[in-house]
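Next up, start-v1.cif (mmCIF, C-alpha atoms):
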```cif
data_data
#
loop_
_atom_site.label_atom_id
_atom_site.label_comp_id
_atom_site.auth_asym_id
_atom_site.auth_seq_id
_atom_site.Cartn_x
_atom_site.Cartn_y
_atom_site.Cartn_z
CA ILE A 1 53.43 3.87 4.34
CA LEU A 2 50.46 6.24 4.51
CA TYR A 3 49.25 5.25 1.05
CA LEU A 4 48.54 1.65 2.11
CA PRO A 5 45.81 2.34 4.71
CA ILE A 6 44.15 4.75 2.28
CA ARG A 7 43.89 2.04 -0.37
CA LEU A 8 42.87 -0.64 2.15
CA ARG A 9 40.04 1.60 3.39
CA GLY A 10 38.91 2.20 -0.20
CA GLU A 11 39.19 5.97 0.09
CA PRO A 12 39.55 8.10 -3.05
CA LEU A 13 42.94 9.76 -3.22
CA ARG A 14 41.62 12.97 -4.78
CA VAL A 15 41.30 16.16 -2.71
CA SER A 16 39.54 19.40 -3.59
CA ARG A 17 41.38 22.60 -4.48
CA GLN A 18 40.30 24.21 -1.20
CA GLU A 19 41.55 21.25 0.81
CA PHE A 20 44.93 21.36 -0.91
CA THR A 21 45.10 25.13 -0.36
CA ASN A 22 44.76 24.44 3.36
CA ILE A 23 47.20 21.52 3.29
CA LEU A 24 49.99 23.54 1.66
CA PRO A 25 50.72 25.96 4.56
CA LEU A 26 50.38 23.09 7.05
CA SER A 27 53.05 21.13 5.20
CA ILE A 28 55.40 24.08 4.74
CA LEU A 29 55.15 25.31 8.35
CA GLY A 30 55.03 22.02 10.23
CA PHE A 31 57.12 19.70 8.07
CA CYS A 32 59.47 21.89 6.03
CA ILE A 33 60.39 25.03 7.96
CA THR A 34 60.13 23.63 11.50
CA PRO A 35 62.46 20.59 11.03
CA ALA A 36 64.87 22.67 8.93
CA LEU A 37 65.19 25.26 11.70
CA LEU A 38 65.40 22.70 14.50
CA PHE A 39 67.91 20.42 12.79
CA THR A 40 70.05 23.42 11.78
CA SER A 41 70.13 24.58 15.39
CA TYR A 42 71.78 21.26 16.31
CA ASN A 43 74.91 22.55 14.53
CA TYR A 44 75.17 25.42 17.01
CA LEU A 45 73.65 24.08 20.23
CA PRO A 46 73.51 20.76 22.09
CA ALA A 47 70.47 18.71 21.04
CA GLY A 48 68.91 18.94 24.49
CA THR A 49 69.18 22.72 24.56
CA SER A 50 67.72 23.08 21.06
CA THR A 51 64.82 20.80 21.91
CA THR A 52 64.17 22.75 25.12
CA PHE A 53 63.94 26.00 23.15
CA HIS A 54 61.71 24.29 20.57
CA PHE A 55 59.21 23.41 23.30
CA ILE A 56 58.06 27.00 23.64
CA TYR A 57 55.38 26.01 21.12
CA PRO A 58 52.63 25.16 23.69
CA ALA A 59 52.83 28.70 25.07
CA MET A 60 53.07 30.13 21.54
CA THR A 61 50.02 28.10 20.50
CA ILE A 62 47.90 29.69 23.21
CA LEU A 63 49.34 33.16 22.57
CA GLY A 64 48.76 32.81 18.83
CA GLY A 65 45.18 31.65 19.35
CA VAL A 66 44.48 34.68 21.52
CA VAL A 67 46.17 37.19 19.19
CA LEU A 68 45.05 35.80 15.83
CA PHE A 69 41.60 34.34 16.57
CA ARG A 70 40.61 35.98 19.88
CA GLN A 71 40.31 32.60 21.58
CA LYS A 72 39.41 32.63 25.27
CA VAL A 73 41.90 31.05 27.64
CA GLY A 74 41.15 30.27 31.27
CA TRP A 75 43.65 30.84 34.05
CA GLY A 76 43.78 27.11 34.69
CA ARG A 77 45.13 26.41 31.22
CA VAL A 78 47.61 29.29 31.46
CA PHE A 79 48.89 27.79 34.73
CA CYS A 80 49.26 24.38 33.05
CA VAL A 81 51.30 25.89 30.22
CA LEU A 82 53.54 27.72 32.69
CA LEU A 83 53.99 24.52 34.68
CA CYS A 84 54.90 22.64 31.49
CA SER A 85 57.36 25.39 30.55
CA VAL A 86 59.05 25.12 33.94
CA GLY A 87 59.26 21.35 33.51
CA ILE A 88 60.80 21.66 30.05
CA LEU A 89 63.36 24.19 31.31
CA LEU A 90 64.35 21.77 34.06
CA PHE A 91 65.30 19.23 31.39
CA TYR A 92 67.95 21.71 30.21
CA GLU A 93 71.32 20.97 31.75
CA PRO A 94 73.28 24.23 32.19
CA GLY A 95 76.86 24.50 31.11
CA GLY A 96 78.46 25.91 27.99
CA ALA A 97 77.78 29.13 26.16
CA LEU A 98 74.61 29.60 24.14
CA ASP A 99 75.12 30.52 20.50
CA PRO A 100 72.81 33.47 19.68
CA PHE A 101 72.06 32.32 16.13
CA GLY A 102 71.43 28.72 17.18
CA SER A 103 69.18 29.87 20.02
CA ALA A 104 67.21 32.14 17.65
CA ILE A 105 66.49 29.46 15.07
CA ALA A 106 65.63 26.88 17.76
CA LEU A 107 63.11 29.33 19.22
CA ALA A 108 61.85 30.09 15.70
CA SER A 109 61.18 26.36 15.17
CA GLY A 110 58.84 26.46 18.16
CA VAL A 111 57.02 29.48 16.72
CA THR A 112 56.53 27.89 13.30
CA TYR A 113 55.30 24.63 14.85
CA ALA A 114 52.82 26.60 16.97
CA LEU A 115 51.51 28.24 13.79
CA TYR A 116 51.12 24.77 12.26
CA ILE A 117 49.04 23.63 15.26
CA ILE A 118 46.91 26.79 15.20
CA LEU A 119 46.16 26.41 11.49
CA LEU A 120 45.51 22.67 11.83
CA ASP A 121 42.92 23.45 14.49
CA TYR A 122 41.50 26.39 12.51
CA PHE A 123 41.11 24.67 9.12
CA ARG A 124 39.25 21.71 10.69
CA LEU A 125 39.90 19.39 7.74
CA GLU A 126 37.37 16.87 9.02
CA SER A 127 36.37 15.86 5.49
CA LEU A 128 39.77 14.17 5.15
CA SER A 129 40.73 11.05 7.04
CA ARG A 130 43.84 11.43 9.18
CA PHE A 131 45.74 9.03 6.88
CA LYS A 132 44.89 11.06 3.79
CA LEU A 133 45.71 14.35 5.52
CA SER A 134 49.09 13.04 6.69
CA PHE A 135 49.74 11.53 3.25
CA TYR A 136 49.26 14.84 1.45
CA ILE A 137 51.15 16.85 4.07
CA SER A 138 54.09 14.43 3.85
CA ALA A 139 53.98 14.22 0.05
CA THR A 140 53.90 18.01 -0.27
CA CYS A 141 56.77 18.33 2.18
CA ALA A 142 58.81 15.72 0.26
CA ALA A 143 58.28 17.55 -3.04
CA VAL A 144 59.18 20.96 -1.57
CA MET A 145 62.28 19.70 0.24
CA LEU A 146 63.44 17.78 -2.85
CA VAL A 147 63.37 20.99 -4.86
CA VAL A 148 65.19 22.88 -2.09
CA CYS A 149 67.88 20.19 -1.78
CA LEU A 150 68.42 20.03 -5.54
CA VAL A 151 68.66 23.81 -5.85
CA THR A 152 71.08 24.11 -2.90
CA GLY A 153 73.09 21.03 -3.88
CA THR A 154 72.50 19.31 -0.52
CA PHE A 155 70.56 16.25 -1.73
CA ARG A 156 72.07 13.04 -0.37
CA LEU A 157 70.92 9.41 -0.37
CA PRO A 158 71.48 7.10 2.63
CA GLY A 159 75.02 5.78 2.47
CA ASN A 160 74.39 2.27 3.81
CA ALA A 161 71.70 -0.14 4.98
CA LEU A 162 71.86 1.15 8.56
CA CYS A 163 71.19 4.75 7.50
CA LEU A 164 68.38 3.56 5.23
CA GLY A 165 66.83 1.59 8.10
CA VAL A 166 67.04 4.58 10.45
CA CYS A 167 65.38 6.78 7.81
CA PHE A 168 62.59 4.26 7.35
CA LEU A 169 62.06 3.89 11.10
CA THR A 170 61.97 7.67 11.55
CA ALA A 171 59.51 8.03 8.68
CA PHE A 172 57.22 5.38 10.16
CA LEU A 173 57.30 6.48 13.81
CA ALA A 174 57.62 10.25 13.51
CA GLY A 175 56.32 10.88 10.00
CA ALA A 176 53.38 8.49 9.94
CA ALA A 177 52.21 7.18 13.32
CA ALA A 178 52.97 10.23 15.47
CA ASN A 179 51.56 12.74 13.00
CA VAL A 180 48.34 10.80 12.44
CA LEU A 181 47.78 10.55 16.20
CA PHE A 182 48.64 14.20 16.86
CA GLN A 183 46.43 15.51 14.04
CA ASN A 184 43.54 13.36 15.22
CA GLY A 185 44.02 14.55 18.78
CA THR A 186 44.15 18.20 17.69
CA LEU A 187 40.83 17.90 15.89
CA ILE A 188 39.23 16.18 18.92
CA ILE A 189 40.49 18.31 21.84
CA GLY A 190 41.81 21.44 20.10
CA GLY A 191 45.26 22.82 19.38
CA GLN A 192 45.91 24.32 22.82
CA ARG A 193 45.30 21.10 24.77
CA ALA A 194 47.09 18.97 22.16
CA SER A 195 50.21 21.16 22.21
CA THR A 196 50.35 21.07 26.03
CA LEU A 197 49.83 17.29 26.23
CA SER A 198 52.54 16.75 23.61
CA THR A 199 55.11 17.89 26.19
CA PHE A 200 55.17 14.19 27.11
CA GLU A 201 57.75 13.90 24.32
CA PRO A 202 60.81 14.88 26.41
CA ILE A 203 59.69 12.48 29.15
CA THR A 204 59.60 9.69 26.58
CA SER A 205 63.12 10.54 25.44
CA ILE A 206 64.39 10.57 29.04
CA VAL A 207 62.79 7.21 29.87
CA THR A 208 64.16 5.70 26.65
CA GLY A 209 67.61 7.08 27.38
CA VAL A 210 67.62 5.67 30.90
CA LEU A 211 66.28 2.22 29.97
CA ILE A 212 68.12 1.65 26.69
CA PHE A 213 71.25 3.83 26.82
CA SER A 214 71.77 3.91 30.61
CA ASP A 215 71.65 7.73 30.71
CA PRO A 216 71.75 9.28 34.18
CA PHE A 217 68.43 10.33 35.70
CA THR A 218 69.16 13.55 37.58
CA LEU A 219 67.14 15.47 40.14
CA ARG A 220 66.42 18.15 37.51
CA SER A 221 65.02 15.51 35.16
CA ALA A 222 62.85 14.09 37.95
CA LEU A 223 61.47 17.54 38.85
CA GLY A 224 60.83 18.31 35.18
CA THR A 225 58.98 15.05 34.75
CA VAL A 226 56.82 15.78 37.81
CA CYS A 227 55.94 19.27 36.48
CA VAL A 228 54.91 17.98 33.05
CA LEU A 229 52.89 15.09 34.49
CA ALA A 230 51.19 17.42 36.98
CA ALA A 231 50.24 19.84 34.21
CA THR A 232 48.83 16.97 32.15
CA VAL A 233 46.73 15.71 35.05
CA LEU A 234 45.46 19.24 35.76
CA ILE A 235 44.38 19.66 32.14
CA ALA A 236 42.33 16.46 32.42
CA VAL A 237 40.82 17.66 35.73
CA PHE A 238 39.91 21.08 34.30
CA ASP A 239 38.35 19.44 31.24
CA MET A 240 36.25 17.07 33.37
CA ARG A 241 35.10 19.97 35.56
CA THR A 242 34.17 22.03 32.51
CA GLN A 243 32.28 19.08 31.02
CA ALA A 244 30.42 18.52 34.29
CA GLN A 245 29.46 22.20 34.44
CA ARG A 246 28.13 22.08 30.89
CA GLN A 247 26.11 18.95 31.63
CA GLY A 248 24.74 20.57 34.78
CA ALA A 249 23.76 23.68 32.84
CA ALA A 250 22.08 21.55 30.18
CA SER A 251 20.15 19.60 32.85
CA THR A 252 19.00 22.83 34.50
CA SER A 253 17.92 24.24 31.16
CA SER A 254 15.89 21.10 30.35
CA LEU A 255 14.13 21.28 33.72
CA THR A 256 13.15 24.93 33.27
CA ASN A 257 11.66 24.29 29.80
CA PRO A 258 8.18 22.69 29.75
CA ASP A 259 8.92 20.43 26.81
CA GLY A 260 12.19 19.24 28.27
CA GLY A 261 14.25 20.77 25.49
CA SER A 262 16.34 23.85 25.12
CA PRO A 263 14.99 27.10 23.63
CA ALA A 264 17.12 26.53 20.57
CA ILE A 265 15.57 23.11 20.02
CA ARG A 266 12.04 24.50 20.53
CA GLU A 267 12.70 27.22 17.97
CA GLU A 268 14.02 24.60 15.56
CA HIS A 269 10.86 22.52 15.99
CA LYS A 270 8.70 25.60 15.47
CA GLY A 271 10.57 26.43 12.29
CA GLY A 272 10.12 22.87 11.07
CA SER A 273 6.39 22.84 11.78
CA GLN A 274 5.96 26.09 9.94
#
```

Render the structure in this file as structure tokens.
Amino acid sequence: ILYLPIRLRGEPLRVSRQEFTNILPLSILGFCITPALLFTSYNYLPAGTSTTFHFIYPAMTILGGVVLFRQKVGWGRVFCVLLCSVGILLFYEPGGALDPFGSAIALASGVTYALYIILLDYFRLESLSRFKLSFYISATCAAVMLVVCLVTGTFRLPGNALCLGVCFLTAFLAGAAANVLFQNGTLIIGGQRASTLSTFEPITSIVTGVLIFSDPFTLRSALGTVCVLAATVLIAVFDMRTQAQRQGAASTSSLTNPDGGSPAIREEHKGGSQ
């Protein structure tokens, strides 16, 4: 699927050694370890509970950025993450015992996905188109998981046309379209904002369940939806305010400089004239 747009755009398929060195941990963390942990947790926990635990990754993304790369985080963004976390927890329907092992690996899937987002933002693979980046991440993941399945004796082919169709649909929606959009968004707005905005995912599943499968829409689900939407709106408001402040500072700086440019630009012109 991802190979076709690459060929239609006339892009060369070759990548440099450094680019592949960066792609390898992205593929292993985001597409090998994370799904393996999350899908395994489904054997020990209800799917909704596992997914709720998995969605610690926005908070882990911010924490990892601060610890690993000393990134600065404003209180507004911290509040948005906390609000998202409350919303995600509200999607969890209590009842039934929590398996310690299943809970641990579901939480671990959120940690590994946060590391994937942090590295995706850090590597800044802007020399690669999003289709090529997703193609190599998916191809690397497929090769690694094929080896793992063959070694462990767990390799299975789809048993019928329905299973094959579901696999194809999952590969197209989750493996191709969603990943291309998320990677592009991460490079544009950064890993912290992208991880927080991606908490729209549980809302999408709830809306789909209500409209298609007639699932009940409870008060907890409504409150969780409101929290996530409010956090998303606040992120947009904080970003617009920050952008306005930067533009105001740039306008003030241009007015205080005789040539209408910033000191950095004047120094650059001086260096060029010399």

Hey, which bits of region 179-222 of chain A sit within 6 Å of region 52-65 of chain A, and for each residue what's the closest pair of atoms and how far apart in Å (one decimal), counting all atoms listed in the file, rows by chain and increasing number, as a Markdown table?
```
| residue | atom | partner | partner_atom | distance |
| --- | --- | --- | --- | --- |
| A:Gln192 | CA | A:Ile62 | CA | 5.7 |
| A:Ser195 | CA | A:Pro58 | CA | 4.9 |
| A:Thr196 | CA | A:Pro58 | CA | 5.2 |
```

Point-to-point distance from CA of Val207 (chain A) to CA of Ser221 (chain A), Å rounded to tenths: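 Computed distance, CA of Val207 (chain A) to CA of Ser221 (chain A), equals 10.1 Å.
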
Long-range neighbours of Thr199 (chain A) as a list in words, 10 Å cut-off, all atoms listed in the file, 3 positions minimum in chain: Phe55, Ile56, Tyr57, Pro58, Val81, Cys84, Ser85, Gly87, Ile88, Ala194, Ser195, Thr196, Pro202, Ile203, Thr204, Thr225, Val228, Leu229, Ala231 and Thr232 of chain A

Non-local contacts of region 142-150 of chain A (12 Å; all atoms listed in the file; under 3 positions in same chain excluded) as JSON, numbers by chain: {"A": [24, 25, 27, 28, 29, 31, 32, 33, 35, 36, 134, 135, 136, 137, 138, 139, 153, 154, 155, 156, 157, 171, 175]}

Could you take the residues named above and write them with C-alpha atoms, as a PDB file, in the coordinates of the input?
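Wrote out_3.pdb, looks like this:
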```pdb
ATOM      1  CA  LEU A  24      49.990  23.540   1.660  1.00  0.00           C
ATOM      2  CA  PRO A  25      50.720  25.960   4.560  1.00  0.00           C
ATOM      3  CA  SER A  27      53.050  21.130   5.200  1.00  0.00           C
ATOM      4  CA  ILE A  28      55.400  24.080   4.740  1.00  0.00           C
ATOM      5  CA  LEU A  29      55.150  25.310   8.350  1.00  0.00           C
ATOM      6  CA  PHE A  31      57.120  19.700   8.070  1.00  0.00           C
ATOM      7  CA  CYS A  32      59.470  21.890   6.030  1.00  0.00           C
ATOM      8  CA  ILE A  33      60.390  25.030   7.960  1.00  0.00           C
ATOM      9  CA  PRO A  35      62.460  20.590  11.030  1.00  0.00           C
ATOM     10  CA  ALA A  36      64.870  22.670   8.930  1.00  0.00           C
ATOM     11  CA  SER A 134      49.090  13.040   6.690  1.00  0.00           C
ATOM     12  CA  PHE A 135      49.740  11.530   3.250  1.00  0.00           C
ATOM     13  CA  TYR A 136      49.260  14.840   1.450  1.00  0.00           C
ATOM     14  CA  ILE A 137      51.150  16.850   4.070  1.00  0.00           C
ATOM     15  CA  SER A 138      54.090  14.430   3.850  1.00  0.00           C
ATOM     16  CA  ALA A 139      53.980  14.220   0.050  1.00  0.00           C
ATOM     17  CA  GLY A 153      73.090  21.030  -3.880  1.00  0.00           C
ATOM     18  CA  THR A 154      72.500  19.310  -0.520  1.00  0.00           C
ATOM     19  CA  PHE A 155      70.560  16.250  -1.730  1.00  0.00           C
ATOM     20  CA  ARG A 156      72.070  13.040  -0.370  1.00  0.00           C
ATOM     21  CA  LEU A 157      70.920   9.410  -0.370  1.00  0.00           C
ATOM     22  CA  ALA A 171      59.510   8.030   8.680  1.00  0.00           C
ATOM     23  CA  GLY A 175      56.320  10.880  10.000  1.00  0.00           C
TER      24      GLY A 175
END
```

Hits of the PyMOL selection byres ((chain A and resi 9-20) around 10) in this structure, as number ranges by chain: A: 3-8, 21-26, 123, 125, 127-129, 131-133, 135-137, 140

Could those residues be written to a file, using C-alpha atoms, as a PDB file, in the frame of the given file?
```
ATOM      1  CA  TYR A   3      49.250   5.250   1.050  1.00  0.00           C
ATOM      2  CA  LEU A   4      48.540   1.650   2.110  1.00  0.00           C
ATOM      3  CA  PRO A   5      45.810   2.340   4.710  1.00  0.00           C
ATOM      4  CA  ILE A   6      44.150   4.750   2.280  1.00  0.00           C
ATOM      5  CA  ARG A   7      43.890   2.040  -0.370  1.00  0.00           C
ATOM      6  CA  LEU A   8      42.870  -0.640   2.150  1.00  0.00           C
ATOM      7  CA  THR A  21      45.100  25.130  -0.360  1.00  0.00           C
ATOM      8  CA  ASN A  22      44.760  24.440   3.360  1.00  0.00           C
ATOM      9  CA  ILE A  23      47.200  21.520   3.290  1.00  0.00           C
ATOM     10  CA  LEU A  24      49.990  23.540   1.660  1.00  0.00           C
ATOM     11  CA  PRO A  25      50.720  25.960   4.560  1.00  0.00           C
ATOM     12  CA  LEU A  26      50.380  23.090   7.050  1.00  0.00           C
ATOM     13  CA  PHE A 123      41.110  24.670   9.120  1.00  0.00           C
ATOM     14  CA  LEU A 125      39.900  19.390   7.740  1.00  0.00           C
ATOM     15  CA  SER A 127      36.370  15.860   5.490  1.00  0.00           C
ATOM     16  CA  LEU A 128      39.770  14.170   5.150  1.00  0.00           C
ATOM     17  CA  SER A 129      40.730  11.050   7.040  1.00  0.00           C
ATOM     18  CA  PHE A 131      45.740   9.030   6.880  1.00  0.00           C
ATOM     19  CA  LYS A 132      44.890  11.060   3.790  1.00  0.00           C
ATOM     20  CA  LEU A 133      45.710  14.350   5.520  1.00  0.00           C
ATOM     21  CA  PHE A 135      49.740  11.530   3.250  1.00  0.00           C
ATOM     22  CA  TYR A 136      49.260  14.840   1.450  1.00  0.00           C
ATOM     23  CA  ILE A 137      51.150  16.850   4.070  1.00  0.00           C
ATOM     24  CA  THR A 140      53.900  18.010  -0.270  1.00  0.00           C
TER      25      THR A 140
END
```

d(CA of Thr186 (chain A), CA of Asp121 (chain A)) in Å: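 Spanning CA of Thr186 (chain A) to CA of Asp121 (chain A) is a straight-line distance of 6.3 Å.
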
Nearest to Phe182 (chain A) by atom-to-atom distance, counting only C-alpha atoms, from A:Phe217, A:Tyr116, A:Leu169, A:Thr34: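 Closest residue, counting only C-alpha atoms: A:Tyr116.
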
Output region 195-220 of chain A as a PDB file, in the frame of the given file, making sure N, CA, C and O atoms are there.
```
ATOM      1  N   SER A 195      48.823  20.689  22.122  1.00  0.00           N
ATOM      2  CA  SER A 195      50.210  21.160  22.210  1.00  0.00           C
ATOM      3  C   SER A 195      50.747  20.993  23.629  1.00  0.00           C
ATOM      4  O   SER A 195      51.928  20.645  23.829  1.00  0.00           O
ATOM      5  N   THR A 196      49.901  21.221  24.647  1.00  0.00           N
ATOM      6  CA  THR A 196      50.350  21.070  26.030  1.00  0.00           C
ATOM      7  C   THR A 196      50.591  19.597  26.368  1.00  0.00           C
ATOM      8  O   THR A 196      51.605  19.246  26.994  1.00  0.00           O
ATOM      9  N   LEU A 197      49.664  18.724  25.946  1.00  0.00           N
ATOM     10  CA  LEU A 197      49.830  17.290  26.230  1.00  0.00           C
ATOM     11  C   LEU A 197      51.019  16.694  25.502  1.00  0.00           C
ATOM     12  O   LEU A 197      51.592  15.698  25.957  1.00  0.00           O
ATOM     13  N   SER A 198      51.410  17.293  24.372  1.00  0.00           N
ATOM     14  CA  SER A 198      52.540  16.750  23.610  1.00  0.00           C
ATOM     15  C   SER A 198      53.870  16.980  24.307  1.00  0.00           C
ATOM     16  O   SER A 198      54.896  16.478  23.840  1.00  0.00           O
ATOM     17  N   THR A 199      53.869  17.734  25.423  1.00  0.00           N
ATOM     18  CA  THR A 199      55.110  17.890  26.190  1.00  0.00           C
ATOM     19  C   THR A 199      55.523  16.583  26.863  1.00  0.00           C
ATOM     20  O   THR A 199      56.551  16.541  27.540  1.00  0.00           O
ATOM     21  N   PHE A 200      54.742  15.528  26.680  1.00  0.00           N
ATOM     22  CA  PHE A 200      55.170  14.190  27.110  1.00  0.00           C
ATOM     23  C   PHE A 200      56.402  13.734  26.320  1.00  0.00           C
ATOM     24  O   PHE A 200      57.110  12.810  26.746  1.00  0.00           O
ATOM     25  N   GLU A 201      56.657  14.351  25.186  1.00  0.00           N
ATOM     26  CA  GLU A 201      57.750  13.900  24.320  1.00  0.00           C
ATOM     27  C   GLU A 201      59.104  13.872  25.023  1.00  0.00           C
ATOM     28  O   GLU A 201      59.836  12.880  24.937  1.00  0.00           O
ATOM     29  N   PRO A 202      59.517  14.960  25.741  1.00  0.00           N
ATOM     30  CA  PRO A 202      60.810  14.880  26.410  1.00  0.00           C
ATOM     31  C   PRO A 202      60.855  13.802  27.493  1.00  0.00           C
ATOM     32  O   PRO A 202      61.915  13.201  27.723  1.00  0.00           O
ATOM     33  N   ILE A 203      59.716  13.543  28.154  1.00  0.00           N
ATOM     34  CA  ILE A 203      59.690  12.480  29.150  1.00  0.00           C
ATOM     35  C   ILE A 203      59.971  11.141  28.492  1.00  0.00           C
ATOM     36  O   ILE A 203      60.715  10.304  29.013  1.00  0.00           O
ATOM     37  N   THR A 204      59.364  10.929  27.313  1.00  0.00           N
ATOM     38  CA  THR A 204      59.600   9.690  26.580  1.00  0.00           C
ATOM     39  C   THR A 204      61.077   9.527  26.236  1.00  0.00           C
ATOM     40  O   THR A 204      61.655   8.433  26.373  1.00  0.00           O
ATOM     41  N   SER A 205      61.707  10.614  25.805  1.00  0.00           N
ATOM     42  CA  SER A 205      63.120  10.540  25.440  1.00  0.00           C
ATOM     43  C   SER A 205      63.986  10.247  26.666  1.00  0.00           C
ATOM     44  O   SER A 205      64.974   9.507  26.586  1.00  0.00           O
ATOM     45  N   ILE A 206      63.617  10.822  27.820  1.00  0.00           N
ATOM     46  CA  ILE A 206      64.390  10.570  29.040  1.00  0.00           C
ATOM     47  C   ILE A 206      64.248   9.116  29.474  1.00  0.00           C
ATOM     48  O   ILE A 206      65.241   8.447  29.802  1.00  0.00           O
ATOM     49  N   VAL A 207      63.017   8.610  29.474  1.00  0.00           N
ATOM     50  CA  VAL A 207      62.790   7.210  29.870  1.00  0.00           C
ATOM     51  C   VAL A 207      63.523   6.268  28.932  1.00  0.00           C
ATOM     52  O   VAL A 207      64.166   5.298  29.367  1.00  0.00           O
ATOM     53  N   THR A 208      63.459   6.546  27.630  1.00  0.00           N
ATOM     54  CA  THR A 208      64.160   5.700  26.650  1.00  0.00           C
ATOM     55  C   THR A 208      65.663   5.753  26.878  1.00  0.00           C
ATOM     56  O   THR A 208      66.348   4.717  26.827  1.00  0.00           O
ATOM     57  N   GLY A 209      66.179   6.952  27.141  1.00  0.00           N
ATOM     58  CA  GLY A 209      67.610   7.080  27.380  1.00  0.00           C
ATOM     59  C   GLY A 209      68.070   6.329  28.609  1.00  0.00           C
ATOM     60  O   GLY A 209      69.131   5.691  28.612  1.00  0.00           O
ATOM     61  N   VAL A 210      67.259   6.365  29.664  1.00  0.00           N
ATOM     62  CA  VAL A 210      67.620   5.670  30.900  1.00  0.00           C
ATOM     63  C   VAL A 210      67.555   4.158  30.724  1.00  0.00           C
ATOM     64  O   VAL A 210      68.462   3.425  31.139  1.00  0.00           O
ATOM     65  N   LEU A 211      66.486   3.666  30.081  1.00  0.00           N
ATOM     66  CA  LEU A 211      66.280   2.220  29.970  1.00  0.00           C
ATOM     67  C   LEU A 211      67.179   1.581  28.920  1.00  0.00           C
ATOM     68  O   LEU A 211      67.660   0.452  29.119  1.00  0.00           O
ATOM     69  N   ILE A 212      67.387   2.264  27.800  1.00  0.00           N
ATOM     70  CA  ILE A 212      68.120   1.650  26.690  1.00  0.00           C
ATOM     71  C   ILE A 212      69.596   2.049  26.689  1.00  0.00           C
ATOM     72  O   ILE A 212      70.480   1.204  26.477  1.00  0.00           O
ATOM     73  N   PHE A 213      69.873   3.340  26.943  1.00  0.00           N
ATOM     74  CA  PHE A 213      71.250   3.830  26.820  1.00  0.00           C
ATOM     75  C   PHE A 213      71.911   4.106  28.169  1.00  0.00           C
ATOM     76  O   PHE A 213      73.022   4.637  28.216  1.00  0.00           O
ATOM     77  N   SER A 214      71.217   3.750  29.261  1.00  0.00           N
ATOM     78  CA  SER A 214      71.770   3.910  30.610  1.00  0.00           C
ATOM     79  C   SER A 214      72.169   5.356  30.904  1.00  0.00           C
ATOM     80  O   SER A 214      73.181   5.620  31.583  1.00  0.00           O
ATOM     81  N   ASP A 215      71.393   6.315  30.405  1.00  0.00           N
ATOM     82  CA  ASP A 215      71.650   7.730  30.710  1.00  0.00           C
ATOM     83  C   ASP A 215      71.335   8.006  32.165  1.00  0.00           C
ATOM     84  O   ASP A 215      70.434   7.387  32.756  1.00  0.00           O
ATOM     85  N   PRO A 216      72.041   8.951  32.773  1.00  0.00           N
ATOM     86  CA  PRO A 216      71.750   9.280  34.180  1.00  0.00           C
ATOM     87  C   PRO A 216      70.403   9.988  34.321  1.00  0.00           C
ATOM     88  O   PRO A 216      70.010  10.779  33.455  1.00  0.00           O
ATOM     89  N   PHE A 217      69.708   9.690  35.407  1.00  0.00           N
ATOM     90  CA  PHE A 217      68.430  10.330  35.700  1.00  0.00           C
ATOM     91  C   PHE A 217      68.648  11.270  36.873  1.00  0.00           C
ATOM     92  O   PHE A 217      68.715  10.849  38.024  1.00  0.00           O
ATOM     93  N   THR A 218      68.784  12.561  36.573  1.00  0.00           N
ATOM     94  CA  THR A 218      69.160  13.550  37.580  1.00  0.00           C
ATOM     95  C   THR A 218      67.944  14.079  38.312  1.00  0.00           C
ATOM     96  O   THR A 218      66.790  13.825  37.925  1.00  0.00           O
ATOM     97  N   LEU A 219      68.221  14.845  39.371  1.00  0.00           N
ATOM     98  CA  LEU A 219      67.140  15.470  40.140  1.00  0.00           C
ATOM     99  C   LEU A 219      66.379  16.470  39.270  1.00  0.00           C
ATOM    100  O   LEU A 219      65.144  16.568  39.363  1.00  0.00           O
ATOM    101  N   ARG A 220      67.088  17.198  38.397  1.00  0.00           N
ATOM    102  CA  ARG A 220      66.420  18.150  37.510  1.00  0.00           C
ATOM    103  C   ARG A 220      65.462  17.427  36.578  1.00  0.00           C
ATOM    104  O   ARG A 220      64.342  17.891  36.326  1.00  0.00           O
TER     105      ARG A 220
END
```
